[in-house]
Amino acid sequence: MREPDSFIHFKAISKVFGAITVVDALDFHVARGEFVSLLGPSGSGKTTLLMMLAGFETPSGGSIHVDGRRVEHLPPYKREMGVVFQNYALFPHMTISENVAFPLKMRGVARTERDTRVKRALDLVRLGHLADRKPSQLSGGQQQRIALSRALVYEPKVVLMDEPLSALDKQLREHMQLEIRALHRDLGLTVIFVTHDQGEALTMSDRVAVLNRGKIEQFDTPSGLYDRPRTRFVAEFIGETNLLAGRVAGRSGETATVALGTGASVTCDRGAAFETAQDVIVSVRPEMLHLVQDPGADNALPVTITDHVYHGDHIRLHLACGESHLVARAGRRDAAPPIGSKAFASFAPGDCSLVVP
Amino acid sequence: MSSASLRPGGAAFNALRLGFGTLVVGFLLLPLVAILPLAFTDSVFLVYPISGPSMRWFGVLAESQAWTRAIVNSLIIGTGATIVATVIGTLAAMGLRRELVPFSGLLRSIFLLPMVVPAVVLGVGMQILYARMGLASSYLGVIIAHAVLCVPFVLVNVASSLASMDPALERAAASLGASPVEVFRNVTLPLAMPGILTGAVFAFATSLDEVVITLFVAGPNQTTLARQMFSSLRENISPAIAAAAFIIMILTFVLLLAVKGASLIGALRKKREISGL
Amino acid sequence: MSARLKALLLVTPLVVFLGLFFLWPLWMMIATAVQGGTVRLAFPQTATAIASWDGSDPPPAALQAALIRDLRADTPQERFGDAVRTLNSQQAGFRTLLPRTARTLREAAESDPVDLATVDPRWSDQAYWLALKRSMPAYTDANLLAAIDLKRTDEARITPVEPDFAVNRAIMLRTFVIAIQVTLLCAAIGLPFAMLTASLSGWKRNALLIAVLLPLWTSLLVRTAAWLILLQDSGLINQTLRAIGLIDSPLSLIYNRTGVLIAMTHVLLPLMVLPIYASLIAIPRNLMPAAAALGAAPLQAFRHVLLPLAMPGLLSGSLLVFMVALGYYITPALTGGAGDQMISSVIAFYATGTANWGMAGALGLFLLAPTTVLYIVYSRLSRTPLVQT
């Protein structure tokens with residue numbers, strides 16, 4: 001059965017290399033026109049998943065459906081997907097226009113129509129003037145845009161990108177992120193984007209699948225991942241966080257009371273999924289942690305300030321809370337308490353998440 | 001490695017380096033340089049200073065049936081051996097590329113063995129085999145024997161051009177809609193071509209220079225240029241040999257420059273254009 | 001079609017080709033060296049009959065009759081000749097005895113009873129029959145023993161051959177010595193030259209590299225011919241030395257060991273320089289400055305950092321040069337004297353000069369075996385490819 005918004009459907013998909021399970025029975029849907037990132041550390045299975053969708057790896061189990069059709073047994077050249085490779089994979093022996101014309105030639109498009117469409121595709125990435133150059137004569141950013149234009153020229157149903165920006169320097173990468181987002185929006189593309197850069201995934205995607213050891217830890221919108229991580233892996237992998245281990249002491253509705261290992265007790269608004277006496281970890285982002293002198297404030301934990309680190313737009317305060325080490329973020333104009341002084345670190349019950357250890 | 005650190009300083013040490021370098025370069029290049037002008041001597045002796053210049057000894061080669069026959073034979077056998085070695089060597093290099101064949105490493109070592117096994121040893125074996133197969137003193141026999149020696153050069157060159165090819169290129173072609181045959185024709189083959197050509201030139205040069213196996217398997221009708229030069233060198237050293245050597249060297253260098261030069265010019269152009277960007 | 005099957009199909013032509021025309025010939029050479037085949041082929045009936053004769057009694061009539069039938073048979077001339085040569089090497093006299101006996105037998109009528117001793121009195125000498133028996137085994141170590149100057153006596157004991165015929169061991173030793181000398185010379189020139197090349201940059205480095213590659217790309221025969229011309233009495237070297245007054249009469253530089261060593265060192269030097277150079281340029285650029293910063297004087301840095309890192313290259317270069325030098329034929333044949341010929345020339349002599357393939361094969365095996373072992377060691381040790389392009 002097809003869900004109404006399911007354009008790409010991975011159904012119990014697995015990949016096993018020898019004794020290693022790289023992709024472990026994954027199940028998820030991608031909607032038409034959606035920009036989805038597969039995010040995870042190296043070895044998490046994200047590239048293997050992409051390669052199975054592109055047809056370069058055969059699944060060990062499960063099936064892949066695109067637009068209602070099973071594709072896992074089709075060879076890559078019959079899948080009609082545009083793939084942008086990590087190092088662009090432009091054909092070095094062909095000119096830029098020959099590169100972009102290649103997929104049209106393979107589809108038997110007539111020469112005159114080919115020329116028009118190549119021109120249009122190159123204009124799309126504003127590189128029409130480089131048509132007769134060889135790839136080696138282009139800069140990294142230009143090659144990246146050509147690779148994009150080549151993957152789009154035959155209007156594929158899906159565009160797959162395998163860490164396409166990893167070879168570019170920071171500034172160029174940010175520029176290309178905007179450009180790819182604009183193309184996605186303007187052309188209504190469905191994009192599957194593989195990256196190990198969480199910042200990139202958060203800025204570009206409609207939804208992000210966080211992968212770890214072949215399993216999806218959480219498949220959610222960027223803000224869902226950041227504000228409401230469901231596992232310790234996601235909390236740590238996306239952004240920076242403070243983790244406080246404890247046990248659920250009681251729950252009323254959404255609100256859970258957690259007894260921390262330090263002896264203190266905190267409350268958290270997002271505790272519906274946890275039972276009393278269950279081990280949990282409380283995750284608090286540094287910017288949600290405030291230093292106060294009032295021990296009666298929300299979730300106030302006694303801390304000692306151990307260091308200030310200057311970061312330009314903010315100051316990072318390192319705190320010792322019993323055996324734990326916490327980090328809080330302070331505006332640069334805030335008066336930071338001197339090193340060695342004592343205070344309380346406080347956070348609102350709505351500003352923390354409970355995650356499984 | 002830093003050149004500065006290799007230099008315990010001082011003009012004396014630098015002079016020593018310069019002197020040693022010049023001496024070795026002289027040793028390496030002197031024979032190559034010295035033999036070329038002698039092809040144009042007018043004298044019957046192979047000595048300096050040359051009297052001439054004259055084309056006399058090229059004339060001698062052209063008029064001698066033994067020499068012209070040998071040159072023609074070398075071209076026939078060299079071409080034949082190059083074709084055989086290039087075709088099967090290229091196929092094998094492509095087959096070995098992804099280590100899909102069992103014992104790939106062992107096979108690769110065995111394929112390179114003809115380069116290592118002493119020519120005389122292989123010659124004896126081939127002589128015995130050819131006597132049984134009826135291939136002795138035939139063009140086919142000599143071509144096959146030369147091809148055995150040429151195959152490693154093709155294999156190594158094609159393998160290295162395939163190894164330097166980004167495998168993502170072929171995946172990219174497939175993802176863009178090219179069937180396996182089209183991928184091979186449009187991407188793999190053109191990118192392997194420099195390696196194939198270099199291998200073919202080395203194969204031809206190897207065949208051109210081959211003496212030992214030829215001594216064992218060729219009959220009087222298949223005498224090659226190298227074989228003819230070898231026997232002339234043993235009998236009497238006449239400037240005809242320098243003329244023959246000139247022909248061999250020029251032939252080899254022209255072919256090598258043709259394949260190596262193309263890639264060299266390409267590299268230079270690329271450099272210039274990138275710096276011009 | 002699966003990728004694996006496709007790969008297999010691509011490799012098959014070369015496997016078949018080299019199996020047929022490379023491995024099979026080598027196998028045939030080894031087989032010829034150990035087969036006692038020539039005499040068996042020419043005298044098949046005698047071979048069967050002689051097996052039941054223990055060699056102590058006089059040869060029985062049945063054996064004599066078998067030999068007579070074999071000699072009357074229409075044996076190809078070449079096969080008969082090979083057999084006679086082999087027998088003659090066992091027992092002098094067969095070269096005249098067999099053709100004469102065969103002729104007499106063919107002239108006589110088929111039905112006539114023949115006594116071999118009356119055809120030629122030598123047939124009553126048991127030594128000939130014993131030699132015949134000795135030459136009949138399916139496999140023999142005679143060639144292998146002869147290759148290292150040994151033979152079996154009539155009692156099958158292994159003894160050295162007469163000193164006059166014992167030349168192979170000396171030639172093997174000489175081959176080994178020349179290969180070592182050439183390897184040492186190449187190392188002595190190649191190591192500093194490779195270091196010099198690696199220490200330079202830009203056009204200077206390229207010029208030195210081209211100087212190494214150019215000879216490698218030049219015909220071996222042309223290079224040897226060039227040395228022949230340069231080193232002769234009236235050659236450029238002697239002329240120059242005389243012109244600057246260093247010598248009065250020409251030095252003899254050719255047709256002796258000097259000539260062989262100069263020409264072989266020149267031919268093999270690139271094979272030494274390139275692996276060392278490859279291992280040197282793989283050393284990170286900042287290693288020598290790091291050693292200097294840590295307090296190593298230039299010589300100490302060289303001794304403790306550069307030299308150990310250049311060692312793998314030196315080792316593979318030396319193995320390569322030694323391995324190739326062992327089998328050299330052309331260069332010593334052209335630039336050496338009679339006393340400078342290496343094992344290859346003896347093999348060539350047996351194979352093309354006397355068509356004694358058994359002996360050629362046995363000596364070939366003694367050259368092939370060490371070369372193969374060295375190649376295995378080399379391919380284990382070395383990451384540099386065998387050919388530089």
# chains A, B, ... in the order shown; residues from 1 in each chain; ligands from 1
>>> residues_around(residues="Arg108 in chain B", least_positions_apart="4", cutoff="12 Å", atoms="only C-alpha atoms", output="count of residues only")
27
>>> interface_residues(of="chain C", to="chain B", cutoff="6 Å", atoms="only C-alpha atoms", output="ChimeraX atom specification")
/C:4,7-8,10-11,14,25-26,28-29,199,211,219,222,226,235,285,298,327,344,364
>>> closest_residue(among="A:Gly312, A:Pro103, A:Pro229, A:Gly271", to="chain B", atoms="only C-alpha atoms")
A:Pro103
>>> select_by_dssp(residues="range 112-184 of chain C", states="strand (DSSP E)", output="PyMOL selection string")
chain C and resi 150-152+158-160
>>> select_by_dssp(residues="range 104-251 of chain B", states="helix (DSSP H, G or I)", output="PyMOL selection string")
chain B and resi 104-115+119-133+139-163+167-175+180-209+212-217+220-222+225-235+239-251
>>> interface_residues(of="chain B", to="chain A", cutoff="6 Å", atoms="only C-alpha atoms", output="PyMOL selection string")
chain B and resi 168-169+174-179+274
>>> residues_around(residues="Gln222 in chain B", least_positions_apart="3", cutoff="10 Å", atoms="only C-alpha atoms", output="PyMOL selection string")
chain B and resi 69-70+72-74+76-77+137-143+214-215+217-219+225+227
>>> write_last_selection(atoms="C-alpha atoms", output="compact mmCIF listing (two decimals), in the first residue's frame")
# COMPACT_ATOMS: atom_id res chain seq x y z
CA ARG B 69 64.98 -7.43 -45.60
CA ALA B 70 65.80 -7.15 -41.90
CA VAL B 72 61.02 -4.96 -43.40
CA ASN B 73 60.97 -8.03 -41.17
CA SER B 74 61.30 -5.88 -38.06
CA ILE B 76 56.20 -6.82 -39.93
CA ILE B 77 57.09 -8.66 -36.73
CA SER B 137 61.29 -20.43 -38.57
CA SER B 138 57.89 -18.90 -39.25
CA TYR B 139 56.71 -15.30 -39.03
CA LEU B 140 53.82 -16.36 -36.82
CA GLY B 141 56.24 -18.06 -34.45
CA VAL B 142 58.45 -14.98 -34.11
CA ILE B 143 55.44 -12.68 -33.71
CA THR B 214 64.77 -14.25 -32.23
CA LEU B 215 68.09 -16.12 -32.35
CA VAL B 217 63.05 -19.23 -32.99
CA ALA B 218 63.58 -17.29 -36.22
CA GLY B 219 64.87 -18.77 -39.43
CA LEU B 225 67.03 -5.52 -37.81
CA ARG B 227 69.29 -9.71 -35.12
>>> atom_distance(atom1="CA of Lys342 in chain A", atom2="CA of Leu301 in chain A")
10.7 Å
>>> residues_around(residues="range 53-59 of chain B", least_positions_apart="2", cutoff="8 Å", atoms="only C-alpha atoms", output="PyMOL selection string")
chain B and resi 39-42+50-51+61-63+239-240+243-244
>>> atom_distance(atom1="CA of Ile192 in chain A", atom2="CA of Met52 in chain A")
12.3 Å
>>> residues_around(residues="Thr188 in chain B", least_positions_apart="5", cutoff="10 Å", atoms="only C-alpha atoms", output="PyMOL selection string")
chain B and resi 94+162+165+167+169-170+173+181-183+193
